[in-house]
>>> print(open('protein-v7.txt').read())   # compact mmCIF, N, CA and C atoms and all ligand atoms
# COMPACT_ATOMS: atom_id res chain seq x y z
N MET B 1 77.19 25.56 66.92
CA MET B 1 76.93 24.85 68.18
C MET B 1 75.61 24.09 68.07
N PRO B 2 75.68 22.80 68.26
CA PRO B 2 74.44 22.01 68.08
C PRO B 2 73.44 22.29 69.18
N ARG B 3 72.20 22.37 68.77
CA ARG B 3 71.15 22.66 69.74
C ARG B 3 70.68 21.36 70.38
N GLU B 4 70.36 21.49 71.65
CA GLU B 4 69.97 20.30 72.41
C GLU B 4 68.47 20.04 72.25
N PRO B 5 68.09 18.78 72.24
CA PRO B 5 66.65 18.48 72.25
C PRO B 5 66.01 18.98 73.54
N GLN B 6 64.85 19.55 73.40
CA GLN B 6 64.14 20.09 74.56
C GLN B 6 62.91 19.25 74.83
N PRO B 7 62.62 19.05 76.14
CA PRO B 7 61.36 18.36 76.43
C PRO B 7 60.19 19.29 76.13
N ILE B 8 59.37 18.87 75.21
CA ILE B 8 58.20 19.69 74.87
C ILE B 8 56.94 18.85 75.06
N THR B 9 55.90 19.51 75.48
CA THR B 9 54.62 18.84 75.71
C THR B 9 53.64 19.28 74.63
N PHE B 10 53.02 18.30 74.01
CA PHE B 10 52.04 18.62 72.97
C PHE B 10 50.98 17.52 72.97
N THR B 11 49.87 17.81 72.32
CA THR B 11 48.80 16.82 72.22
C THR B 11 48.92 16.11 70.88
N CYS B 12 49.02 14.81 70.95
CA CYS B 12 49.13 14.02 69.73
C CYS B 12 47.82 14.08 68.96
N SER B 13 47.91 14.35 67.68
CA SER B 13 46.70 14.46 66.85
C SER B 13 46.14 13.09 66.50
N TRP B 14 46.82 12.06 66.90
CA TRP B 14 46.38 10.71 66.53
C TRP B 14 45.69 10.03 67.71
N CYS B 15 46.38 10.03 68.86
CA CYS B 15 45.80 9.36 70.03
C CYS B 15 45.23 10.37 71.02
N TYR B 16 45.37 11.65 70.74
CA TYR B 16 44.84 12.74 71.56
C TYR B 16 45.34 12.67 72.99
N LYS B 17 46.54 12.18 73.16
CA LYS B 17 47.14 12.17 74.49
C LYS B 17 48.13 13.31 74.56
N ASP B 18 48.27 13.83 75.77
CA ASP B 18 49.32 14.82 75.99
C ASP B 18 50.62 14.07 76.22
N VAL B 19 51.57 14.34 75.40
CA VAL B 19 52.85 13.65 75.53
C VAL B 19 53.96 14.66 75.71
N THR B 20 54.97 14.24 76.42
CA THR B 20 56.16 15.07 76.57
C THR B 20 57.32 14.30 75.98
N GLU B 21 57.96 14.91 75.03
CA GLU B 21 59.06 14.23 74.37
C GLU B 21 60.23 15.18 74.21
N ASN B 22 61.40 14.61 74.20
CA ASN B 22 62.58 15.40 73.91
C ASN B 22 62.67 15.56 72.40
N ARG B 23 62.48 16.78 71.98
CA ARG B 23 62.53 17.05 70.55
C ARG B 23 63.49 18.18 70.29
N MET B 24 64.02 18.16 69.09
CA MET B 24 64.85 19.29 68.66
C MET B 24 63.94 20.51 68.53
N PRO B 25 64.49 21.67 68.84
CA PRO B 25 63.68 22.89 68.69
C PRO B 25 63.20 23.02 67.25
N GLY B 26 61.99 23.47 67.11
CA GLY B 26 61.41 23.57 65.77
C GLY B 26 59.91 23.51 65.88
N PRO B 27 59.26 23.22 64.77
CA PRO B 27 57.80 23.15 64.82
C PRO B 27 57.34 22.02 65.73
N THR B 28 56.25 22.27 66.42
CA THR B 28 55.70 21.26 67.32
C THR B 28 55.23 20.06 66.50
N PRO B 29 55.68 18.89 66.89
CA PRO B 29 55.23 17.71 66.15
C PRO B 29 53.74 17.47 66.36
N ALA B 30 53.12 16.87 65.41
CA ALA B 30 51.68 16.63 65.49
C ALA B 30 51.39 15.30 66.18
N TYR B 31 52.33 14.38 66.10
CA TYR B 31 52.07 13.05 66.63
C TYR B 31 53.18 12.64 67.57
N CYS B 32 52.82 11.80 68.56
CA CYS B 32 53.84 11.24 69.43
C CYS B 32 54.63 10.20 68.63
N GLN B 33 55.74 9.79 69.19
CA GLN B 33 56.62 8.91 68.42
C GLN B 33 55.95 7.57 68.12
N THR B 34 55.12 7.11 69.06
CA THR B 34 54.43 5.84 68.84
C THR B 34 53.50 5.96 67.65
N CYS B 35 52.78 7.08 67.62
CA CYS B 35 51.78 7.24 66.57
C CYS B 35 52.42 7.63 65.24
N ALA B 36 53.55 8.30 65.30
CA ALA B 36 54.18 8.73 64.05
C ALA B 36 54.41 7.53 63.14
N VAL B 37 54.79 6.41 63.74
CA VAL B 37 55.00 5.19 62.94
C VAL B 37 53.67 4.77 62.31
N GLU B 38 52.64 4.80 63.15
CA GLU B 38 51.31 4.37 62.69
C GLU B 38 50.79 5.32 61.62
N VAL B 39 51.01 6.60 61.84
CA VAL B 39 50.54 7.61 60.89
C VAL B 39 51.21 7.42 59.54
N LYS B 40 52.50 7.16 59.60
CA LYS B 40 53.24 6.98 58.35
C LYS B 40 52.69 5.78 57.58
N ARG B 41 52.45 4.70 58.32
CA ARG B 41 51.93 3.48 57.71
C ARG B 41 50.55 3.76 57.12
N SER B 42 49.73 4.41 57.93
CA SER B 42 48.36 4.67 57.53
C SER B 42 48.30 5.65 56.35
N ALA B 43 49.21 6.61 56.34
CA ALA B 43 49.24 7.56 55.23
C ALA B 43 49.59 6.84 53.94
N ALA B 44 50.52 5.92 54.01
CA ALA B 44 50.88 5.16 52.83
C ALA B 44 49.72 4.30 52.37
N ALA B 45 49.02 3.71 53.33
CA ALA B 45 47.86 2.89 52.99
C ALA B 45 46.77 3.74 52.36
N ASN B 46 46.56 4.93 52.93
CA ASN B 46 45.55 5.83 52.37
C ASN B 46 45.91 6.23 50.96
N ARG B 47 47.17 6.53 50.76
CA ARG B 47 47.60 6.92 49.42
C ARG B 47 47.32 5.80 48.43
N ALA B 48 47.66 4.59 48.85
CA ALA B 48 47.46 3.45 47.96
C ALA B 48 45.98 3.25 47.68
N ARG B 49 45.16 3.44 48.74
CA ARG B 49 43.72 3.23 48.55
C ARG B 49 43.15 4.31 47.63
N ARG B 50 43.56 5.57 47.88
CA ARG B 50 43.06 6.65 47.04
C ARG B 50 43.47 6.43 45.59
N TYR B 51 44.70 5.96 45.41
CA TYR B 51 45.18 5.74 44.06
C TYR B 51 44.33 4.69 43.37
N ARG B 52 44.04 3.61 44.12
CA ARG B 52 43.21 2.56 43.53
C ARG B 52 41.82 3.07 43.21
N GLU B 53 41.27 3.91 44.14
CA GLU B 53 39.93 4.46 43.91
C GLU B 53 39.92 5.34 42.67
N ARG B 54 40.98 6.15 42.54
CA ARG B 54 41.05 7.03 41.38
C ARG B 54 41.13 6.22 40.10
N GLN B 55 41.93 5.17 40.16
CA GLN B 55 42.04 4.32 38.98
C GLN B 55 40.69 3.72 38.63
N ALA B 56 39.94 3.34 39.67
CA ALA B 56 38.63 2.73 39.44
C ALA B 56 37.67 3.77 38.88
N GLU B 57 37.79 5.02 39.38
CA GLU B 57 36.88 6.07 38.91
C GLU B 57 37.11 6.38 37.44
N GLN B 58 38.35 6.33 37.04
CA GLN B 58 38.65 6.70 35.66
C GLN B 58 38.00 5.75 34.68
N ASP B 59 37.84 4.53 35.09
CA ASP B 59 37.27 3.55 34.19
C ASP B 59 35.87 3.20 34.69
N THR B 60 34.90 4.08 34.39
CA THR B 60 33.55 3.86 34.87
C THR B 60 32.72 3.09 33.85
N THR B 61 33.26 2.92 32.68
CA THR B 61 32.52 2.21 31.65
C THR B 61 32.52 0.72 31.94
N ALA B 62 31.33 0.19 32.01
CA ALA B 62 31.26 -1.25 32.23
C ALA B 62 31.67 -1.98 30.96
N TRP B 63 32.00 -3.20 31.14
CA TRP B 63 32.53 -3.94 29.99
C TRP B 63 31.49 -4.03 28.88
N TRP B 64 30.19 -4.06 29.29
CA TRP B 64 29.16 -4.19 28.27
C TRP B 64 28.84 -2.88 27.59
N GLN B 65 29.42 -1.76 28.11
CA GLN B 65 29.22 -0.47 27.48
C GLN B 65 30.34 -0.15 26.50
N LYS B 66 31.38 -0.92 26.59
CA LYS B 66 32.52 -0.63 25.73
C LYS B 66 32.26 -1.11 24.31
N ARG B 67 32.86 -0.42 23.40
CA ARG B 67 32.74 -0.83 22.01
C ARG B 67 33.42 -2.18 21.86
N PRO B 68 32.80 -3.00 21.12
CA PRO B 68 33.45 -4.28 20.88
C PRO B 68 34.73 -4.08 20.07
N ARG B 69 35.72 -4.78 20.49
CA ARG B 69 36.99 -4.66 19.77
C ARG B 69 37.04 -5.74 18.70
N GLY B 70 36.41 -5.41 17.63
CA GLY B 70 36.36 -6.40 16.56
C GLY B 70 37.38 -6.08 15.49
N ARG B 71 37.06 -6.53 14.30
CA ARG B 71 37.94 -6.23 13.18
C ARG B 71 37.87 -4.75 12.87
N PRO B 72 38.92 -4.09 12.52
CA PRO B 72 38.84 -2.68 12.13
C PRO B 72 38.02 -2.51 10.86
N ARG B 73 37.24 -1.42 10.83
CA ARG B 73 36.39 -1.17 9.68
C ARG B 73 37.24 -0.92 8.44
N LYS B 74 36.74 -1.39 7.33
CA LYS B 74 37.46 -1.12 6.08
C LYS B 74 37.18 0.30 5.66
N LEU B 75 38.17 0.99 5.17
CA LEU B 75 37.97 2.37 4.71
C LEU B 75 37.44 2.39 3.28
ZN ZN N 1 49.96 9.50 69.80
>>> encode(input="protein-v7.txt", output="structure tokens")
Amino acid sequence: MPREPQPITFTCSWCYKDVTENRMPGPTPAYCQTCAVEVKRSAAANRARRYRERQAEQDTTAWWQKRPRGRPRKL
């Protein structure tokens, strides 16, 4: 038997508003439906930014610190 969505009241962790929404029984959502879209977008943006930052961190050697890529040494 399918369970009905229940009106539940919770405080959105994004806009800090008390919202009442019809939700399926389960864990209390953290964000209202309006913010959930924004949170998802922002999370993706954060991930992309963190990824770029990590990539930048990995390569801390400035170009002038790198070994010149010249001819390979003769053995
Ligand atoms: Zn919200």
>>> atom_distance(input="protein-v7.txt", atom1="atom C of Thr20 (chain B)", atom2="atom C of Ala44 (chain B)")
26.7 Å
>>> closest_residue(input="protein-v7.txt", among="B:Cys35, B:Leu75, B:Arg54, B:Pro29", to="ligand ZN 1 (chain N)", atoms="all atoms listed in the file")
B:Cys35
>>> residues_near_ligand(input="protein-v7.txt", ligand="ligand ZN 1 (chain N)", cutoff="6.5 Å", atoms="all atoms listed in the file", output="number ranges by chain")
B: 12-17, 31-36
>>> atom_distance(input="protein-v7.txt", atom1="CA of Pro5 (chain B)", atom2="CA of Thr28 (chain B)")
12.3 Å
>>> select_by_dssp(input="protein-v7.txt", residues="chain B", states="strand (DSSP E)", output="ChimeraX atom specification")
/B:6-11,18-23
>>> select_by_dssp(input="protein-v7.txt", residues="chain B", states="helix (DSSP H, G or I)", output="PyMOL selection string")
chain B and resi 33-58+63-65
>>> write_last_selection(input="protein-v7.txt", atoms="N, CA and C atoms", output="CSV table (one decimal), in the frame of the given file")
chain,number,residue,atom,x,y,z
B,33,GLN,N,55.7,9.8,69.2
B,33,GLN,CA,56.6,8.9,68.4
B,33,GLN,C,56.0,7.6,68.1
B,34,THR,N,55.1,7.1,69.1
B,34,THR,CA,54.4,5.8,68.8
B,34,THR,C,53.5,6.0,67.6
B,35,CYS,N,52.8,7.1,67.6
B,35,CYS,CA,51.8,7.2,66.6
B,35,CYS,C,52.4,7.6,65.2
B,36,ALA,N,53.6,8.3,65.3
B,36,ALA,CA,54.2,8.7,64.0
B,36,ALA,C,54.4,7.5,63.1
B,37,VAL,N,54.8,6.4,63.7
B,37,VAL,CA,55.0,5.2,62.9
B,37,VAL,C,53.7,4.8,62.3
B,38,GLU,N,52.6,4.8,63.2
B,38,GLU,CA,51.3,4.4,62.7
B,38,GLU,C,50.8,5.3,61.6
B,39,VAL,N,51.0,6.6,61.8
B,39,VAL,CA,50.5,7.6,60.9
B,39,VAL,C,51.2,7.4,59.5
B,40,LYS,N,52.5,7.2,59.6
B,40,LYS,CA,53.2,7.0,58.4
B,40,LYS,C,52.7,5.8,57.6
B,41,ARG,N,52.4,4.7,58.3
B,41,ARG,CA,51.9,3.5,57.7
B,41,ARG,C,50.6,3.8,57.1
B,42,SER,N,49.7,4.4,57.9
B,42,SER,CA,48.4,4.7,57.5
B,42,SER,C,48.3,5.6,56.4
B,43,ALA,N,49.2,6.6,56.3
B,43,ALA,CA,49.2,7.6,55.2
B,43,ALA,C,49.6,6.8,53.9
B,44,ALA,N,50.5,5.9,54.0
B,44,ALA,CA,50.9,5.2,52.8
B,44,ALA,C,49.7,4.3,52.4
B,45,ALA,N,49.0,3.7,53.3
B,45,ALA,CA,47.9,2.9,53.0
B,45,ALA,C,46.8,3.7,52.4
B,46,ASN,N,46.6,4.9,52.9
B,46,ASN,CA,45.6,5.8,52.4
B,46,ASN,C,45.9,6.2,51.0
B,47,ARG,N,47.2,6.5,50.8
B,47,ARG,CA,47.6,6.9,49.4
B,47,ARG,C,47.3,5.8,48.4
B,48,ALA,N,47.7,4.6,48.8
B,48,ALA,CA,47.5,3.4,48.0
B,48,ALA,C,46.0,3.2,47.7
B,49,ARG,N,45.2,3.4,48.7
B,49,ARG,CA,43.7,3.2,48.6
B,49,ARG,C,43.2,4.3,47.6
B,50,ARG,N,43.6,5.6,47.9
B,50,ARG,CA,43.1,6.6,47.0
B,50,ARG,C,43.5,6.4,45.6
B,51,TYR,N,44.7,6.0,45.4
B,51,TYR,CA,45.2,5.7,44.1
B,51,TYR,C,44.3,4.7,43.4
B,52,ARG,N,44.0,3.6,44.1
B,52,ARG,CA,43.2,2.6,43.5
B,52,ARG,C,41.8,3.1,43.2
B,53,GLU,N,41.3,3.9,44.1
B,53,GLU,CA,39.9,4.5,43.9
B,53,GLU,C,39.9,5.3,42.7
B,54,ARG,N,41.0,6.2,42.5
B,54,ARG,CA,41.0,7.0,41.4
B,54,ARG,C,41.1,6.2,40.1
B,55,GLN,N,41.9,5.2,40.2
B,55,GLN,CA,42.0,4.3,39.0
B,55,GLN,C,40.7,3.7,38.6
B,56,ALA,N,39.9,3.3,39.7
B,56,ALA,CA,38.6,2.7,39.4
B,56,ALA,C,37.7,3.8,38.9
B,57,GLU,N,37.8,5.0,39.4
B,57,GLU,CA,36.9,6.1,38.9
B,57,GLU,C,37.1,6.4,37.4
B,58,GLN,N,38.4,6.3,37.0
B,58,GLN,CA,38.6,6.7,35.7
B,58,GLN,C,38.0,5.8,34.7
B,63,TRP,N,32.0,-3.2,31.1
B,63,TRP,CA,32.5,-3.9,30.0
B,63,TRP,C,31.5,-4.0,28.9
B,64,TRP,N,30.2,-4.1,29.3
B,64,TRP,CA,29.2,-4.2,28.3
B,64,TRP,C,28.8,-2.9,27.6
B,65,GLN,N,29.4,-1.8,28.1
B,65,GLN,CA,29.2,-0.5,27.5
B,65,GLN,C,30.3,-0.2,26.5
>>> residues_near_point(input="protein-v7.txt", point="(59.5, 19.5, 68.9)", cutoff="7 Å", atoms="only N, CA and C atoms", output="ChimeraX atom specification")
/B:6,8,21-29
>>> write_last_selection(input="protein-v7.txt", atoms="N, CA and C atoms", output="mmCIF file, in the coordinates of the input")
data_model
loop_
_atom_site.group_PDB
_atom_site.id
_atom_site.type_symbol
_atom_site.label_atom_id
_atom_site.label_comp_id
_atom_site.auth_asym_id
_atom_site.auth_seq_id
_atom_site.Cartn_x
_atom_site.Cartn_y
_atom_site.Cartn_z
ATOM 1 N N GLN B 6 64.850 19.550 73.400
ATOM 2 C CA GLN B 6 64.140 20.090 74.560
ATOM 3 C C GLN B 6 62.910 19.250 74.830
ATOM 4 N N ILE B 8 59.370 18.870 75.210
ATOM 5 C CA ILE B 8 58.200 19.690 74.870
ATOM 6 C C ILE B 8 56.940 18.850 75.060
ATOM 7 N N GLU B 21 57.960 14.910 75.030
ATOM 8 C CA GLU B 21 59.060 14.230 74.370
ATOM 9 C C GLU B 21 60.230 15.180 74.210
ATOM 10 N N ASN B 22 61.400 14.610 74.200
ATOM 11 C CA ASN B 22 62.580 15.400 73.910
ATOM 12 C C ASN B 22 62.670 15.560 72.400
ATOM 13 N N ARG B 23 62.480 16.780 71.980
ATOM 14 C CA ARG B 23 62.530 17.050 70.550
ATOM 15 C C ARG B 23 63.490 18.180 70.290
ATOM 16 N N MET B 24 64.020 18.160 69.090
ATOM 17 C CA MET B 24 64.850 19.290 68.660
ATOM 18 C C MET B 24 63.940 20.510 68.530
ATOM 19 N N PRO B 25 64.490 21.670 68.840
ATOM 20 C CA PRO B 25 63.680 22.890 68.690
ATOM 21 C C PRO B 25 63.200 23.020 67.250
ATOM 22 N N GLY B 26 61.990 23.470 67.110
ATOM 23 C CA GLY B 26 61.410 23.570 65.770
ATOM 24 C C GLY B 26 59.910 23.510 65.880
ATOM 25 N N PRO B 27 59.260 23.220 64.770
ATOM 26 C CA PRO B 27 57.800 23.150 64.820
ATOM 27 C C PRO B 27 57.340 22.020 65.730
ATOM 28 N N THR B 28 56.250 22.270 66.420
ATOM 29 C CA THR B 28 55.700 21.260 67.320
ATOM 30 C C THR B 28 55.230 20.060 66.500
ATOM 31 N N PRO B 29 55.680 18.890 66.890
ATOM 32 C CA PRO B 29 55.230 17.710 66.150
ATOM 33 C C PRO B 29 53.740 17.470 66.360
#
>>> atom_distance(input="protein-v7.txt", atom1="atom C of Ala30 (chain B)", atom2="CA of Pro7 (chain B)")
14.6 Å
>>> decode(input="protein-v7.txt", residues="region 42-75 of chain B", atoms="N, CA and C atoms", output="compact mmCIF listing (two decimals), in the first residue's frame")
# COMPACT_ATOMS: atom_id res chain seq x y z
N SER B 42 24.56 24.77 -6.75
CA SER B 42 25.70 25.30 -6.02
C SER B 42 26.67 24.19 -5.63
N ALA B 43 26.13 23.02 -5.30
CA ALA B 43 27.00 21.90 -4.96
C ALA B 43 27.84 21.49 -6.16
N ALA B 44 27.23 21.49 -7.32
CA ALA B 44 27.96 21.14 -8.53
C ALA B 44 29.03 22.19 -8.81
N ALA B 45 28.68 23.45 -8.60
CA ALA B 45 29.65 24.52 -8.82
C ALA B 45 30.80 24.41 -7.83
N ASN B 46 30.46 24.10 -6.58
CA ASN B 46 31.50 23.93 -5.57
C ASN B 46 32.43 22.78 -5.92
N ARG B 47 31.83 21.70 -6.37
CA ARG B 47 32.65 20.55 -6.74
C ARG B 47 33.61 20.93 -7.85
N ALA B 48 33.09 21.64 -8.84
CA ALA B 48 33.93 22.03 -9.96
C ALA B 48 35.03 22.97 -9.50
N ARG B 49 34.67 23.88 -8.57
CA ARG B 49 35.68 24.83 -8.11
C ARG B 49 36.76 24.11 -7.30
N ARG B 50 36.30 23.21 -6.40
CA ARG B 50 37.27 22.47 -5.60
C ARG B 50 38.19 21.64 -6.49
N TYR B 51 37.60 21.07 -7.53
CA TYR B 51 38.40 20.24 -8.42
C TYR B 51 39.47 21.08 -9.09
N ARG B 52 39.04 22.28 -9.54
CA ARG B 52 40.01 23.16 -10.19
C ARG B 52 41.10 23.59 -9.22
N GLU B 53 40.68 23.88 -7.95
CA GLU B 53 41.66 24.29 -6.95
C GLU B 53 42.65 23.17 -6.67
N ARG B 54 42.12 21.95 -6.59
CA ARG B 54 43.01 20.82 -6.33
C ARG B 54 43.99 20.64 -7.48
N GLN B 55 43.47 20.79 -8.68
CA GLN B 55 44.36 20.67 -9.83
C GLN B 55 45.45 21.72 -9.78
N ALA B 56 45.06 22.93 -9.35
CA ALA B 56 46.03 24.02 -9.28
C ALA B 56 47.05 23.75 -8.19
N GLU B 57 46.57 23.15 -7.06
CA GLU B 57 47.48 22.87 -5.96
C GLU B 57 48.52 21.85 -6.34
N GLN B 58 48.11 20.89 -7.12
CA GLN B 58 49.03 19.82 -7.47
C GLN B 58 50.21 20.33 -8.26
N ASP B 59 49.98 21.36 -9.01
CA ASP B 59 51.06 21.89 -9.84
C ASP B 59 51.48 23.23 -9.26
N THR B 60 52.30 23.17 -8.19
CA THR B 60 52.72 24.40 -7.54
C THR B 60 54.04 24.90 -8.11
N THR B 61 54.65 24.10 -8.93
CA THR B 61 55.93 24.51 -9.50
C THR B 61 55.70 25.55 -10.59
N ALA B 62 56.36 26.66 -10.41
CA ALA B 62 56.23 27.68 -11.44
C ALA B 62 57.01 27.24 -12.68
N TRP B 63 56.68 27.85 -13.75
CA TRP B 63 57.29 27.41 -15.00
C TRP B 63 58.80 27.60 -14.97
N TRP B 64 59.24 28.64 -14.21
CA TRP B 64 60.68 28.90 -14.18
C TRP B 64 61.41 27.98 -13.22
N GLN B 65 60.64 27.19 -12.42
CA GLN B 65 61.26 26.23 -11.52
C GLN B 65 61.37 24.85 -12.16
N LYS B 66 60.69 24.70 -13.25
CA LYS B 66 60.69 23.38 -13.87
C LYS B 66 61.99 23.16 -14.64
N ARG B 67 62.36 21.93 -14.70
CA ARG B 67 63.55 21.59 -15.47
C ARG B 67 63.28 21.90 -16.93
N PRO B 68 64.24 22.42 -17.55
CA PRO B 68 64.05 22.66 -18.97
C PRO B 68 63.93 21.34 -19.72
N ARG B 69 63.01 21.33 -20.61
CA ARG B 69 62.83 20.11 -21.38
C ARG B 69 63.67 20.21 -22.65
N GLY B 70 64.91 19.90 -22.47
CA GLY B 70 65.79 20.02 -23.61
C GLY B 70 66.04 18.66 -24.24
N ARG B 71 67.19 18.57 -24.87
CA ARG B 71 67.57 17.29 -25.45
C ARG B 71 67.85 16.29 -24.34
N PRO B 72 67.50 15.06 -24.46
CA PRO B 72 67.84 14.07 -23.42
C PRO B 72 69.35 13.89 -23.34
N ARG B 73 69.84 13.71 -22.11
CA ARG B 73 71.27 13.55 -21.90
C ARG B 73 71.76 12.27 -22.55
N LYS B 74 72.95 12.34 -23.09
CA LYS B 74 73.52 11.12 -23.66
C LYS B 74 74.02 10.24 -22.55
N LEU B 75 73.81 8.95 -22.65
CA LEU B 75 74.29 8.03 -21.61
C LEU B 75 75.75 7.67 -21.85
